[in-house]
Each structure stands twice: as C-alpha cells, then as structure tokens.
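Engineer: Right, I'll just put the structure down here and ask away after.
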Amino acid sequence: MKIYTKTGDGGETSLFGAGRVSKASARVGAYGDVDELNATLGWAVTQVKDASIREHLERIQHDLFTLGSDLATPPAAEGRRKPETPPLPEHRITEMEGWMDAADAELPELKAFVLPGGTPGGAALHLSRTVCRRAERNVVALSSVEPVSEVVVRYLNRLSDLLFTLARLEGHRAGAGDVEWRKDD
C-alpha cells in the first residue's frame, strides 16, 4: 500500500465513517491539533531525563490517539450510525490528578510565574502544554457547532495542567528548578 493516495489533493479528507469534508473544517482542525500534541509529546519523551515522567507521557500518547479517533468520527446522522472507536480514557483524568498531587508534594511552592525552559525536557513539556491549550480551545470551538464528548475537553484541560507540573518536576529533579518571570528586568 502506498502512503500517498492523492485523494486529498482537492483540499478534502475523509472522516471515519462519514464521507468527505474540507481539511479546513473545525473537526479536522481539532483532531489535527491533538495529533500535533501527540507529536510534541513524542519529542518530549526523547528530551525528558526522568523515567517516571517518560512513562506517564508514553501512556498519554496512547490516550491521545484514542481522543483523536473520537474527534475524527462525527456523530451519528440520519441514515448513518457512528462507527465503533476505542473508549475514551476517562479514568486517566483522575489518574493525572493523582500524578499532579504527588508532584506538587515534591515541588517547592509556586511563588511566581514560570517561564518555559530550565532543561531540554522541561522546555519540551512547556511546548507540549501550549499545543495542548490550543487543542483544547479548538475542541471547545468545535463543540459549539457539533457534538463533542465532554471527556475530550476535560482530558485536554487536565493534561495541560499536568504538562505544566511535569515540566516543573523535570527541572526540579534535574536540579535546575523553575525559570521564574522577573518583571523588573
């Protein structure tokens, strides 16, 4: 099978189980952002030194593939039923909260705004956090015009918090600490 199909040359793509749409559609944009987030997390995995943080990120990458498949599958419509996709990892939201609580217990108190940086892994996690926030905004925008599972929005919201916390934890464990914003410079 060839990787190129030429079917998208006219600016359209196929959704899972539901015909073709513009590549500029809100749904395609939303799952594209989740795909980009997954790619930045893959890069972050190569930059992070802490094994437990890498393990969390690798688990999240699998979740994001599931979220992307849900977003790539429009709701059932008249004469068409929604294809079966893997279940969304709703339990991971609670698990991520536990990871953040454990990290917060280890981290120094946050007393200033934190700039991205500190270590290569920390900077990569901050980049992923910003992509996650964009994905969340675009999924919320999609949800204003088409149905979207509330789990997807909650997951992305919690994930951006987790990525911020893990970026701090990576720096802390590496002995670099936070890069604090100084407004007087």
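Ligands are numbered from 1 in the order shown, residues from 1 within each chain, and chains are lettered A, B, ... in the order they appear in the structure tokens.
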I want to know what sits within 10 Å of region 61-77 of chain A, based on only C-alpha atoms, with residues of the same chain fewer than 5 positions away left out; could you give that as a PDB file with C-alpha atoms, in the first residue's frame?

Structural biologist:
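File produced: selection03.pdb:
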```
ATOM      1  CA  SER A  14     -12.327  11.566   4.860  1.00  0.00           C
ATOM      2  CA  LEU A  15     -13.785  11.328   8.329  1.00  0.00           C
ATOM      3  CA  PHE A  16     -14.115   7.942   9.988  1.00  0.00           C
ATOM      4  CA  GLY A  17     -17.440   6.521   8.828  1.00  0.00           C
ATOM      5  CA  ALA A  18     -18.804   9.710   7.281  1.00  0.00           C
ATOM      6  CA  GLY A  19     -17.782  10.891   3.849  1.00  0.00           C
ATOM      7  CA  ARG A  27     -13.369  18.847  13.229  1.00  0.00           C
ATOM      8  CA  VAL A  28     -10.250  18.248  11.126  1.00  0.00           C
ATOM      9  CA  GLY A  29      -8.538  21.177  12.841  1.00  0.00           C
ATOM     10  CA  ALA A  30      -9.361  19.781  16.284  1.00  0.00           C
ATOM     11  CA  TYR A  31      -8.051  16.282  15.642  1.00  0.00           C
ATOM     12  CA  GLY A  32      -5.063  17.758  13.809  1.00  0.00           C
ATOM     13  CA  ASP A  33      -4.186  19.727  16.940  1.00  0.00           C
ATOM     14  CA  VAL A  34      -4.417  16.551  19.026  1.00  0.00           C
ATOM     15  CA  ASP A  35      -2.131  14.821  16.517  1.00  0.00           C
ATOM     16  CA  LEU A  37       0.180  17.488  20.562  1.00  0.00           C
ATOM     17  CA  ASN A  38       0.976  13.789  20.356  1.00  0.00           C
ATOM     18  CA  ALA A  39       3.976  14.549  18.117  1.00  0.00           C
ATOM     19  CA  THR A  40       5.315  17.166  20.541  1.00  0.00           C
ATOM     20  CA  LEU A  41       4.918  14.666  23.382  1.00  0.00           C
ATOM     21  CA  GLY A  42       6.882  12.119  21.365  1.00  0.00           C
ATOM     22  CA  VAL A  45       9.823  11.798  25.628  1.00  0.00           C
ATOM     23  CA  HIS A  56       3.433   8.998  32.042  1.00  0.00           C
ATOM     24  CA  LYS A  82     -21.376   6.205  14.376  1.00  0.00           C
ATOM     25  CA  PRO A  83     -18.589   3.646  13.862  1.00  0.00           C
ATOM     26  CA  GLU A  84     -17.121   1.944  16.922  1.00  0.00           C
ATOM     27  CA  THR A  85     -13.991   3.603  18.311  1.00  0.00           C
ATOM     28  CA  PRO A  86     -11.966   2.695  21.407  1.00  0.00           C
ATOM     29  CA  PRO A  87     -13.447   4.057  24.642  1.00  0.00           C
ATOM     30  CA  LEU A  88     -12.132   7.398  25.823  1.00  0.00           C
ATOM     31  CA  PRO A  89      -9.765   7.070  28.798  1.00  0.00           C
ATOM     32  CA  GLU A  90     -11.961   8.936  31.312  1.00  0.00           C
ATOM     33  CA  ARG A  92      -6.965   8.807  33.214  1.00  0.00           C
ATOM     34  CA  VAL A 139     -12.082  21.323  20.552  1.00  0.00           C
ATOM     35  CA  LEU A 142     -15.823  22.542  17.577  1.00  0.00           C
ATOM     36  CA  GLU A 146     -21.002  19.908  16.577  1.00  0.00           C
ATOM     37  CA  PRO A 147     -21.344  17.428  19.443  1.00  0.00           C
ATOM     38  CA  VAL A 148     -18.070  16.550  21.167  1.00  0.00           C
ATOM     39  CA  SER A 149     -17.631  14.231  24.121  1.00  0.00           C
ATOM     40  CA  VAL A 151     -14.473  13.745  28.306  1.00  0.00           C
ATOM     41  CA  VAL A 152     -12.272  15.079  25.498  1.00  0.00           C
ATOM     42  CA  VAL A 153     -12.467  18.657  26.800  1.00  0.00           C
ATOM     43  CA  TYR A 155      -8.991  15.367  29.448  1.00  0.00           C
ATOM     44  CA  LEU A 156      -7.218  18.123  27.490  1.00  0.00           C
TER      45      LEU A 156
END
```

Engineer: Skip region 162-175 of chain A itself and residues of its chain fewer than 4 positions away, then list as a ChimeraX atom specification all residues within 6 Å of it, counting only C-alpha atoms.

Structural biologist: /A:118-119,122,125,129

Engineer: Put those residues in a file: C-alpha atoms, as a CSV table (one decimal), in the first residue's frame.

Structural biologist:
```
chain,number,residue,atom,x,y,z
A,118,GLY,CA,15.3,25.2,32.6
A,119,THR,CA,16.1,21.9,30.9
A,122,GLY,CA,11.2,20.9,30.8
A,125,LEU,CA,7.0,19.8,28.1
A,129,ARG,CA,1.5,22.4,27.2
```

Engineer: Select from region 13-164 of chain A everything DSSP, run on the backbone, classes as strand (DSSP E or B), then give the selection as a ChimeraX atom specification.

Structural biologist: /A:13-14,20-22,77,80,114-115

Engineer: Could you pull out all residues of chain A with a DSSP call of alpha helix (DSSP H) and give them as a PyMOL selection string?

Structural biologist: chain A and resi 26-47+51-71+91-106+120-143+150-173

Engineer: What does the distance from CA of Pro120 (chain A) to CA of Ala44 (chain A) come to in Å, to one decimal?

Structural biologist: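 Computed distance, CA of Pro120 (chain A) to CA of Ala44 (chain A), equals 8.4 Å.
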
Engineer: My list of candidates is A:Val114, A:Ile53, A:Ile93, A:Val179. Which is closest to Asn157 (chain A) when distances are computed with only C-alpha atoms?

Structural biologist: A:Ile93

Engineer: Mind pulling up the distance from CA of Glu136 (chain A) to CA of Arg158 (chain A)?

Structural biologist: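 Those two atoms sit 10.0 Å apart.
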
Engineer: Between A:Ser52, A:Leu115, A:Cys132, A:Glu180, single out the one closest to Ala102 (chain A), counting only C-alpha atoms.

Structural biologist: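 Under the stated criterion, the closest residue is A:Ser52.
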
Engineer: At what distance in Å, to one decimal, does CA of Lys183 (chain A) lie from CA of Arg133 (chain A)?

Structural biologist: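 Taking CA of Arg133 (chain A) and CA of Lys183 (chain A), their separation equals 24.0 Å.
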